[in-house]
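Shown next: run_5.txt, containing compact mmCIF, C-alpha atoms.
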```
# COMPACT_ATOMS: atom_id res chain seq x y z
CA MET A 280 8.62 12.17 26.84
CA VAL A 281 12.26 11.45 26.06
CA THR A 282 12.89 15.19 25.99
CA ASP A 283 11.89 15.43 29.67
CA ARG A 284 15.30 13.82 30.43
CA ALA A 285 13.91 12.17 33.58
CA ASP A 286 16.60 10.48 35.68
CA TRP A 287 15.15 6.98 35.16
CA SER A 288 14.96 7.58 31.41
CA GLU A 289 18.55 8.84 31.17
CA ARG A 290 19.75 5.82 33.17
CA SER A 291 17.82 3.59 30.76
CA ALA A 292 19.42 5.41 27.82
CA ALA A 293 22.88 4.77 29.26
CA TRP A 294 22.03 1.08 29.63
CA LEU A 295 20.72 0.94 26.05
CA ARG A 296 23.89 2.60 24.74
CA ASP A 297 26.05 0.05 26.55
CA ALA A 298 23.85 -2.84 25.44
CA ALA A 299 23.92 -1.71 21.80
CA HIS A 300 27.71 -1.40 21.86
CA ALA A 301 27.87 -4.88 23.43
CA ARG A 302 25.80 -6.11 20.44
CA LEU A 303 22.91 -7.35 22.57
CA PRO A 304 19.64 -7.80 20.68
CA LEU A 305 17.48 -4.69 21.26
CA PHE A 306 14.05 -3.77 19.93
CA GLY A 307 12.64 -0.39 20.98
CA ILE A 308 8.99 0.40 20.30
CA CYS A 309 7.65 3.99 20.28
CA TYR A 310 9.25 5.51 23.41
CA GLY A 311 11.87 2.75 23.24
CA HIS A 312 12.59 3.68 19.61
CA GLN A 313 13.05 7.31 20.58
CA LEU A 314 15.11 6.46 23.67
CA LEU A 315 17.39 4.15 21.68
CA ALA A 316 17.93 6.90 19.10
CA HIS A 317 18.70 9.41 21.87
CA ALA A 318 21.05 6.95 23.61
CA LEU A 319 23.03 6.48 20.40
CA GLY A 320 23.33 10.19 19.64
CA GLY A 321 20.24 10.82 17.51
CA GLU A 322 17.85 13.72 18.01
CA VAL A 323 14.36 13.30 19.48
CA GLY A 324 11.71 15.99 19.81
CA ASN A 325 8.11 16.95 19.25
CA HIS A 326 7.00 16.15 15.73
CA PRO A 327 6.59 19.46 13.86
CA ALA A 328 3.26 18.30 12.39
CA GLY A 329 1.89 17.02 15.71
CA ARG A 330 0.33 13.69 16.59
CA GLU A 331 0.23 10.63 14.36
CA MET A 332 -2.43 8.14 15.42
CA GLY A 333 -4.32 5.21 13.99
CA THR A 334 -3.56 2.65 11.32
CA ILE A 335 -0.99 4.36 9.13
CA GLY A 336 0.79 3.36 5.94
CA LEU A 337 4.46 2.45 6.21
CA GLU A 338 6.80 2.65 3.25
CA LEU A 339 10.03 0.70 3.34
CA HIS A 340 13.31 2.19 2.16
CA ALA A 341 15.38 0.13 -0.27
CA SER A 342 17.77 -0.64 2.61
CA ALA A 343 15.00 -2.67 4.30
CA GLY A 344 15.37 -5.30 1.58
CA ASP A 345 18.53 -6.64 3.25
CA ASP A 346 17.34 -6.25 6.84
CA PRO A 347 16.66 -9.40 8.90
CA LEU A 348 13.36 -8.03 10.20
CA PHE A 349 12.00 -6.29 7.11
CA ALA A 350 13.36 -8.29 4.14
CA GLY A 351 10.64 -9.75 1.95
CA LEU A 352 7.83 -7.62 3.35
CA PRO A 353 5.72 -5.55 0.95
CA ASN A 354 7.16 -2.13 0.14
CA GLN A 355 4.07 -0.62 1.75
CA PHE A 356 1.96 -2.04 4.57
CA PRO A 357 -0.25 -0.81 7.43
CA ALA A 358 0.91 -0.41 11.03
CA GLN A 359 -0.57 1.00 14.25
CA ALA A 360 0.91 4.27 15.50
CA THR A 361 0.34 6.78 18.26
CA HIS A 362 2.96 9.39 19.12
CA LEU A 363 3.67 13.09 19.56
CA GLN A 364 7.47 12.91 19.71
CA THR A 365 9.65 11.40 17.04
CA VAL A 366 13.20 10.69 15.97
CA LEU A 367 14.08 13.94 14.20
CA ARG A 368 17.58 12.68 13.30
CA ALA A 369 18.63 9.04 13.40
CA PRO A 370 21.90 8.24 15.20
CA ASP A 371 25.11 8.32 13.17
CA GLY A 372 25.66 4.92 11.59
CA ALA A 373 21.96 4.00 11.73
CA THR A 374 20.08 2.74 8.68
CA VAL A 375 16.58 4.19 8.36
CA LEU A 376 14.33 1.36 7.19
CA ALA A 377 10.78 2.77 7.02
CA ARG A 378 8.78 5.99 6.96
CA SER A 379 5.18 7.12 6.85
CA ALA A 380 3.68 10.13 5.11
CA HIS A 381 3.88 11.84 8.53
CA ASP A 382 7.20 10.59 9.89
CA ALA A 383 10.53 10.18 8.10
CA CYS A 384 11.99 7.69 10.61
CA HIS A 385 9.47 5.00 11.54
CA ALA A 386 12.15 2.32 11.82
CA PHE A 387 15.93 2.16 12.00
CA ARG A 388 18.65 -0.39 12.66
CA TRP A 389 21.91 0.44 14.38
CA GLY A 390 24.62 -2.17 14.06
CA GLU A 391 23.59 -5.77 13.61
CA ASN A 392 21.24 -6.26 16.56
CA ALA A 393 19.53 -3.00 17.58
CA TRP A 394 16.26 -1.79 16.06
CA GLY A 395 13.87 1.01 16.86
CA VAL A 396 10.33 1.23 15.49
CA GLN A 397 8.01 4.18 16.03
CA PHE A 398 4.98 2.09 15.12
CA HIS A 399 3.39 -0.45 17.47
CA PRO A 400 3.77 -4.00 16.10
CA GLU A 401 2.30 -5.35 19.35
CA PHE A 402 -1.04 -3.52 18.92
CA SER A 403 -4.10 -5.24 17.52
CA ALA A 404 -6.88 -3.25 15.87
CA THR A 405 -8.78 -3.51 19.18
CA HIS A 406 -5.86 -1.97 21.08
CA MET A 407 -5.59 0.86 18.55
CA ARG A 408 -9.29 1.67 18.72
CA GLY A 409 -8.98 1.78 22.52
CA TYR A 410 -6.14 4.30 22.26
CA VAL A 411 -8.20 6.45 19.89
CA ARG A 412 -11.11 6.38 22.37
CA ALA A 413 -8.78 7.24 25.26
CA ARG A 414 -7.32 10.21 23.36
CA GLN A 415 -10.52 11.40 21.67
CA ASP A 416 -10.58 14.76 23.48
CA ALA A 417 -6.94 15.49 22.62
CA LEU A 418 -7.58 14.45 19.01
CA ARG A 419 -10.59 16.78 18.72
CA ASN A 420 -8.58 19.64 20.28
CA GLU A 421 -5.89 19.04 17.65
CA GLY A 422 -8.42 19.19 14.79
CA HIS A 423 -8.70 15.42 14.19
CA CYS A 424 -11.88 13.36 14.04
CA PRO A 425 -11.62 10.39 16.44
CA ARG A 426 -14.54 8.62 14.73
CA THR A 427 -12.81 8.80 11.33
CA ILE A 428 -9.50 7.60 12.80
CA ALA A 429 -11.19 4.73 14.67
CA GLY A 430 -13.17 3.80 11.55
CA SER A 431 -9.98 3.45 9.52
CA VAL A 432 -8.23 1.15 12.00
CA SER A 433 -7.45 -2.24 10.48
CA ALA A 434 -5.38 -5.35 11.09
CA THR A 435 -1.60 -5.02 10.64
CA PRO A 436 -0.17 -8.51 10.11
CA PHE A 437 3.07 -7.40 8.43
CA ALA A 438 3.88 -5.00 11.28
CA ARG A 439 3.33 -7.84 13.76
CA ARG A 440 5.63 -10.03 11.65
CA VAL A 441 8.48 -7.55 12.29
CA LEU A 442 8.17 -8.18 16.05
CA ARG A 443 8.03 -11.95 15.58
CA ARG A 444 11.13 -11.82 13.39
CA PHE A 445 13.00 -9.92 16.10
CA VAL A 446 12.13 -12.62 18.63
CA GLY A 447 13.46 -15.25 16.20
CA HIS A 448 16.61 -13.18 15.59
CA ALA A 449 17.29 -12.78 19.31
CA ARG A 450 16.69 -16.48 19.99
CA ALA A 451 19.05 -17.47 17.18
CA LEU A 452 21.78 -15.28 18.66
CA HIS A 453 21.51 -17.13 21.94
CA GLY A 454 21.04 -20.62 20.51
CA ARG A 455 17.44 -21.05 21.65
```
Please lay out the structure from this file as structure tokens.
Amino acid sequence: MVTDRADWSERSAAWLRDAAHARLPLFGICYGHQLLAHALGGEVGNHPAGREMGTIGLELHASAGDDPLFAGLPNQFPAQATHLQTVLRAPDGATVLARSAHDACHAFRWGENAWGVQFHPEFSATHMRGYVRARQDALRNEGHCPRTIAGSVSATPFARRVLRRFVGHARALHGR
């Protein structure tokens, strides 16, 4: 957890802060999203409503319409998510791009080249179902039904497109 403030994590946060200020292309996913927010002065902590897990619905903010990674995507689309901690307050100067019914900051951009996403664009439906199986005891203890969550897992092609767009953005910055 970012809030553990482990030495390795704090060193990584310092590196991320320097890299963001140097305008290097950065894309933080889940823990990386939270660590990037922390590094840039945002607030990270346990989500007041607990765990978010499964295929969730993302809703884009109007500001996403001009974003290199999110422009042209549907205003609402599914994404895979699994997290207990969250970005409670985005860093000063960040643009929040997406939210879910559970989480107000599922994606943000800071500057021109640094993004954080709470969702998992790299997860397939198979990966997500595996996570649900692995966490089934915790889910039951928290009052969730793992079978219902696993049954609602679906493909998330628009979320995956965000990751592919970042790769294209980073390559374009370095002429590759």
Please determine, counting only C-alpha atoms, which residue among A:Thr374, A:Ala293, A:Glu322, A:Cys309 has the shortest atom-to-atom distance to A:Val396.
A:Cys309
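Atom pair atom CA of A:Gly336 / atom CA of A:Thr427 has a distance of 15.6 Å (rounded to one decimal).
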If I take atom CA of A:Ala285 and atom CA of A:Phe387, how far is one from the other in Å, to one decimal?
23.9 Å
What does the distance from atom CA of A:Ala350 to atom CA of A:Arg408 come to in Å, to one decimal?
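Between atom CA of A:Ala350 and atom CA of A:Arg408 the gap works out to 28.7 Å.
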Selection: 7 Å around A:Pro400, only C-alpha atoms, excl. self and same-chain fewer than 2 positions, as a PyMOL selection string:
chain A and resi 358-359+398+402+438-439+442
Just C-alpha atoms for this one: save the residues we selected as a PDB file, keeping the file's coordinate frame.
```pdb
ATOM      1  CA  ALA A 358       0.910  -0.410  11.030  1.00  0.00           C
ATOM      2  CA  GLN A 359      -0.570   1.000  14.250  1.00  0.00           C
ATOM      3  CA  PHE A 398       4.980   2.090  15.120  1.00  0.00           C
ATOM      4  CA  PHE A 402      -1.040  -3.520  18.920  1.00  0.00           C
ATOM      5  CA  ALA A 438       3.880  -5.000  11.280  1.00  0.00           C
ATOM      6  CA  ARG A 439       3.330  -7.840  13.760  1.00  0.00           C
ATOM      7  CA  LEU A 442       8.170  -8.180  16.050  1.00  0.00           C
TER       8      LEU A 442
END
```
Would you pick out the contacts of A:His340 at 10 Å or less, using all atoms listed in the file, so that residues sharing its chain but fewer than 5 positions from it are not included, and give the list as a PyMOL selection string?
chain A and resi 349+354-355+374-378+386
Could you dump the residues just selected with C-alpha atoms as a JSON list (two decimals), in the coordinates of the input?
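Output contents, as saved in again_39.json:
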```json
[["chain", "number", "residue", "atom", "x", "y", "z"],
["A", 349, "PHE", "CA", 12.00, -6.29, 7.11],
["A", 354, "ASN", "CA", 7.16, -2.13, 0.14],
["A", 355, "GLN", "CA", 4.07, -0.62, 1.75],
["A", 374, "THR", "CA", 20.08, 2.74, 8.68],
["A", 375, "VAL", "CA", 16.58, 4.19, 8.36],
["A", 376, "LEU", "CA", 14.33, 1.36, 7.19],
["A", 377, "ALA", "CA", 10.78, 2.77, 7.02],
["A", 378, "ARG", "CA", 8.78, 5.99, 6.96],
["A", 386, "ALA", "CA", 12.15, 2.32, 11.82]]
```
Given all atoms listed in the file as the basis, pick out the residue of A:Ala328, A:Leu295, A:Val432, A:Leu352 nearest to A:Tyr410.
A:Val432
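Look at A:Tyr310: the protein and nucleic acid residues within 9 Å of it, using all atoms listed in the file and passing over chain neighbours fewer than 2 places away, are Met280, Val281, Gly307, Ile308, His312, Gln313, Leu314, Leu315, His362, Gln364, Thr365 and Gln397 of chain A.
Using all atoms listed in the file, the shortest contact distance between A:Thr405 and any of A:Ala429, A:Leu348, A:Ala343, A:Ala417 is found at A:Ala429.
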So for stretch 373-387 of chain A, what box centre and size do we get, axis-aligned, 3 Å extra on each of the six sides, every listed atom, Å to one decimal, as lines of an AutoDock Vina configuration file?
```
center_x = 12.8
center_y = 6.6
center_z = 8.6
size_x = 24.3
size_y = 16.5
size_z = 12.9
```
Starting from the point (19.6, -5.0, 20.9), work out which residues of protein, DNA or RNA have an atom no more than 9 Å away when counting all atoms listed in the file; state them as a list in words.
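These residues have at least one counted atom within 9 Å: Leu295, Ala298, Ala299, His300, Ala301, Arg302, Leu303, Pro304, Leu305, Phe306, Gly307, Trp389, Gly390, Glu391, Asn392, Ala393, Trp394 and Ala449 of chain A.
Distance check against A:Phe437 using only C-alpha atoms: of A:Pro327, A:Gly344, A:Gly422, A:Pro357, the minimum falls on A:Pro357.
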Distance criterion (all atoms listed in the file): nearest to A:Ser403 out of A:Ala318, A:Ile428, A:Ala369, A:Ala360
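Checking each candidate against A:Ser403, we get A:Ala360 as the closest.
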Please determine, counting all atoms listed in the file, which residue among A:Glu338, A:Asp345, A:Asp297, A:Glu331 has the shortest atom-to-atom distance to A:Thr361.
A:Glu331
